[in-house]
Amino acid sequence: MRVILLGAPGSGKGTVAEGLRSACGFPKISTGDLLRAAVRERTPLGLKAEAQMGQGGLVDDATVLALLHERLAREDCRGGYTLDGFPRNIAQAESLEALGASGPEVVFDLQVGEEVIFRRLTNRRTCPSCEAIYHLINRPPKTEGTCDVCGTALVQRADDRPEVIAERLKTHHAKTEPLIARYAAKGTLHRIDGGRTPEATFAEVKKVLDAVMGETGPSRDRG
Ligand code: AP5
Ligand code: MG
């Protein structure tokens with residue numbers, strides 16, 4: 001099974017992907033996380049990506065695809081995975097289709113209003129080590145400023161400043177929203193109200209996945 005999470009910045013893609021990892025064992029493949037790791041490690045790809053990310057635009061397809069292919073080749077992706085933030089434009093969707101993965105594909109568009117998005121992103125804190133996601137009000141860590149999972153000091157993402165959030169939203173409307181029609185036409189799209197609690201949002205995602213699994217059966221679920 002390949003789960004694709006579409007949705008604007010702050011719509012809750014990473015949070016749903018974390019839930020799917022816990023509930024279904026699907027690894028969370030976030031191109032944003034892969035890029036941020038490359039930036040932290042100061043790799044040539046990371047150095048190239050940093051400026052594009054800081055301005056709220058997309059990183060070029062070749063860089064993203066190089067990181068993604070390397071990640072998908074790992075053993076843990078054989079039984080299915082969640083793509084969080086990929087594909088981001090039509091060319092990336094075509095590249096994904098060209099991979100020719102077997103098993104069902106389920107696409108979720110998480111729909112959330114922009115006012116909510118700004119509140120979520122300005123209050124978000126993340127772990128730079130294990131990428132766990134927190135919110136100062138909705139999902140605070142047990143110990144202030146410290147990751148519950150690995151004990152690392154939490155940080156605010158460089159692109160969670162209001163002016164960069166506005167640019168990320170513009171990029172989303174222009175480049176990523178056209179994918180909604182593409183997946184709707186394929187019949188794999190499910191629209192989810194992502195403005196509710198994390199639990200209610202996740203429950204609806206899980207219900208859809210259980211229905212798809214029921215139709216296709218685990219023996220066909222080879223990712
Ligand atoms: P990426 O890291 O993918 O960022 P994004 O798409 O902007 O999305 P976010 O991670 O900001 O939000 P999210 O939807 O994951 O929400 P989250 O669960 O954290 O990409 C960053 C950059 O990298 C891009 O701008 C681009 O430059 C580059 N990039 C990445 N992929 C690329 C690609 N494929 N091609 C080219 N460039 C690429 O939740 C947000 C907050 O809300 C958290 O605090 C959370 O706790 C809280 N929250 C979540 N759900 C709920 C809820 N239901 N109720 C209340 N609070 C909630
Ligand atoms: Mg995310």
# chains A, B, ... in the order shown; residues from 1 in each chain; ligands from 1
$ select_by_dssp --residues "range 6-134 of chain A" --states "alpha helix (DSSP H)" --output "JSON, numbers by chain"
{"A": [13, 14, 15, 16, 17, 18, 19, 20, 21, 22, 23, 24, 31, 32, 33, 34, 35, 36, 37, 38, 39, 40, 44, 45, 46, 47, 48, 49, 50, 51, 52, 53, 54, 61, 62, 63, 64, 65, 66, 67, 68, 69, 70, 71, 72, 90, 91, 92, 93, 94, 95, 96, 97, 98, 99, 114, 115, 116, 117, 118, 119, 120, 121, 122]}
$ residues_near_ligand --ligand "ligand 1" --cutoff "7 Å" --atoms "only C-alpha atoms and all ligand atoms" --output "number ranges by chain"
A: 7-16, 30-33, 35, 52-53, 56-61, 64, 84-88, 120-121, 123-125, 133-135, 138-139, 168, 194-198, 201
$ residues_around --residues "range 73-75 of chain A" --least-positions-apart "5" --cutoff "12 Å" --atoms "only C-alpha atoms" --output "list in words"
Phe26, Pro27, Ile29, Ala66, Leu67, Leu68, Gly80, Tyr81, Leu99, Ala101 and Gly223 of chain A
$ write_last_selection --atoms "N, CA and C atoms" --output "PDB file, in the first residue's frame"
ATOM      1  N   PHE A  26       3.690   1.664   8.716  1.00  0.00           N
ATOM      2  CA  PHE A  26       4.183   2.238   7.454  1.00  0.00           C
ATOM      3  C   PHE A  26       5.252   3.286   7.763  1.00  0.00           C
ATOM      4  N   PRO A  27       6.453   3.172   7.205  1.00  0.00           N
ATOM      5  CA  PRO A  27       7.424   4.237   7.443  1.00  0.00           C
ATOM      6  C   PRO A  27       6.927   5.571   6.880  1.00  0.00           C
ATOM      7  N   ILE A  29       7.695   8.661   4.974  1.00  0.00           N
ATOM      8  CA  ILE A  29       8.705   9.168   4.039  1.00  0.00           C
ATOM      9  C   ILE A  29       8.353  10.624   3.757  1.00  0.00           C
ATOM     10  N   ALA A  66      16.331  12.400  -6.061  1.00  0.00           N
ATOM     11  CA  ALA A  66      17.541  11.661  -5.656  1.00  0.00           C
ATOM     12  C   ALA A  66      17.390  11.185  -4.208  1.00  0.00           C
ATOM     13  N   LEU A  67      16.912  12.085  -3.335  1.00  0.00           N
ATOM     14  CA  LEU A  67      16.722  11.709  -1.926  1.00  0.00           C
ATOM     15  C   LEU A  67      15.634  10.646  -1.779  1.00  0.00           C
ATOM     16  N   LEU A  68      14.547  10.834  -2.531  1.00  0.00           N
ATOM     17  CA  LEU A  68      13.405   9.918  -2.401  1.00  0.00           C
ATOM     18  C   LEU A  68      13.768   8.504  -2.871  1.00  0.00           C
ATOM     19  N   GLY A  80       4.900  -1.316   2.299  1.00  0.00           N
ATOM     20  CA  GLY A  80       4.027  -0.155   2.208  1.00  0.00           C
ATOM     21  C   GLY A  80       4.661   1.030   2.917  1.00  0.00           C
ATOM     22  N   TYR A  81       4.212   2.232   2.573  1.00  0.00           N
ATOM     23  CA  TYR A  81       4.808   3.436   3.162  1.00  0.00           C
ATOM     24  C   TYR A  81       3.863   4.612   2.967  1.00  0.00           C
ATOM     25  N   LEU A  99       7.795   4.799 -11.354  1.00  0.00           N
ATOM     26  CA  LEU A  99       8.432   3.781 -10.501  1.00  0.00           C
ATOM     27  C   LEU A  99       7.701   2.448 -10.594  1.00  0.00           C
ATOM     28  N   ALA A 101       5.256   1.050  -8.768  1.00  0.00           N
ATOM     29  CA  ALA A 101       5.056   0.240  -7.559  1.00  0.00           C
ATOM     30  C   ALA A 101       3.723  -0.500  -7.630  1.00  0.00           C
ATOM     31  N   GLY A 223       3.005  -2.826  -1.493  1.00  0.00           N
ATOM     32  CA  GLY A 223       3.582  -1.472  -1.616  1.00  0.00           C
ATOM     33  C   GLY A 223       3.672  -1.059  -3.037  1.00  0.00           C
TER      34      GLY A 223
END
$ residues_around --residues "Ile90 in chain A" --least-positions-apart "6" --cutoff "10 Å" --atoms "only C-alpha atoms" --output "list of chain:residue names"
A:Leu96, A:Lys175, A:Thr176, A:Glu177, A:Pro178, A:Leu179, A:Arg182
$ closest_residue --among "A:Ala62, A:Ala181, A:Val106, A:Ile165" --to "Lys207 in chain A" --atoms "only C-alpha atoms"
A:Val106
$ closest_residue --among "A:Asp160, A:Glu115, A:Asp76, A:Glu41" --to "ligand 2" --atoms "only C-alpha atoms and all ligand atoms"
A:Asp160
$ select_by_dssp --residues "range 58-144 of chain A" --states "strand (DSSP E)" --output "list in words"
Tyr81, Thr82, Leu83, Asp84, Glu105, Val106, Val107, Phe108, Asp109, Leu110, Gln111, Arg124, Arg125, Thr126, Ile133, Tyr134 and His135 of chain A
$ write_last_selection --atoms "N, CA, C and O atoms" --output "CSV table (one decimal), in the first residue's frame"
chain,number,residue,atom,x,y,z
A,81,TYR,N,4.2,2.2,2.6
A,81,TYR,CA,4.8,3.4,3.2
A,81,TYR,C,3.9,4.6,3.0
A,81,TYR,O,2.9,4.6,2.2
A,82,THR,N,4.1,5.7,3.7
A,82,THR,CA,3.4,6.9,3.6
A,82,THR,C,4.3,8.0,3.0
A,82,THR,O,5.4,8.2,3.6
A,83,LEU,N,3.8,8.6,1.9
A,83,LEU,CA,4.6,9.7,1.4
A,83,LEU,C,4.0,11.0,1.9
A,83,LEU,O,2.8,11.3,1.7
A,84,ASP,N,4.8,11.7,2.7
A,84,ASP,CA,4.3,13.0,3.3
A,84,ASP,C,5.0,14.1,2.6
A,84,ASP,O,6.2,14.3,2.7
A,105,GLU,N,-3.0,2.3,-4.2
A,105,GLU,CA,-2.5,3.7,-3.9
A,105,GLU,C,-3.7,4.4,-3.3
A,105,GLU,O,-4.8,4.4,-3.8
A,106,VAL,N,-3.5,5.1,-2.1
A,106,VAL,CA,-4.6,5.8,-1.5
A,106,VAL,C,-4.1,7.2,-1.2
A,106,VAL,O,-3.0,7.4,-0.6
A,107,VAL,N,-4.8,8.2,-1.7
A,107,VAL,CA,-4.4,9.6,-1.6
A,107,VAL,C,-5.3,10.4,-0.8
A,107,VAL,O,-6.5,10.3,-0.9
A,108,PHE,N,-4.8,11.1,0.2
A,108,PHE,CA,-5.6,11.9,1.1
A,108,PHE,C,-5.3,13.4,0.9
A,108,PHE,O,-4.1,13.8,0.9
A,109,ASP,N,-6.3,14.2,0.7
A,109,ASP,CA,-6.1,15.7,0.7
A,109,ASP,C,-6.6,16.2,2.0
A,109,ASP,O,-7.8,16.1,2.3
A,110,LEU,N,-5.7,16.7,2.9
A,110,LEU,CA,-6.2,17.2,4.2
A,110,LEU,C,-6.5,18.6,4.0
A,110,LEU,O,-5.7,19.5,3.6
A,111,GLN,N,-7.8,18.9,4.3
A,111,GLN,CA,-8.3,20.3,4.0
A,111,GLN,C,-8.4,21.1,5.3
A,111,GLN,O,-9.2,20.7,6.2
A,124,ARG,N,4.2,25.6,16.2
A,124,ARG,CA,4.8,24.2,16.1
A,124,ARG,C,6.2,24.2,16.6
A,124,ARG,O,7.0,25.2,16.4
A,125,ARG,N,6.6,23.1,17.2
A,125,ARG,CA,8.0,22.9,17.5
A,125,ARG,C,8.3,21.5,17.1
A,125,ARG,O,7.4,20.6,17.1
A,126,THR,N,9.5,21.2,16.6
A,126,THR,CA,9.9,19.9,16.1
A,126,THR,C,11.2,19.4,16.7
A,126,THR,O,12.0,20.3,17.2
A,133,ILE,N,6.8,15.8,16.1
A,133,ILE,CA,6.1,17.0,15.9
A,133,ILE,C,5.3,17.4,17.1
A,133,ILE,O,4.5,16.6,17.6
A,134,TYR,N,5.4,18.6,17.6
A,134,TYR,CA,4.7,19.1,18.7
A,134,TYR,C,4.0,20.4,18.4
A,134,TYR,O,4.2,21.0,17.4
A,135,HIS,N,3.1,20.8,19.3
A,135,HIS,CA,2.4,22.1,19.2
A,135,HIS,C,2.4,22.7,20.6
A,135,HIS,O,2.0,21.9,21.6
$ closest_residue --among "A:Ala158, A:Val112, A:Ala174, A:Ile180" --to "Gly54 in chain A" --atoms "only C-alpha atoms"
A:Ala158
$ closest_residue --among "A:Ala37, A:Leu154, A:Glu131, A:Arg71" --to "ligand 2" --atoms "only C-alpha atoms and all ligand atoms"
A:Glu131
$ closest_residue --among "A:Arg2, A:Thr63, A:Ala132, A:Glu94" --to "ligand 2" --atoms "only C-alpha atoms and all ligand atoms"
A:Ala132
$ closest_residue --among "A:Gly214, A:Lys170, A:Arg42, A:Cys127" --to "ligand 2" --atoms "only C-alpha atoms and all ligand atoms"
A:Cys127
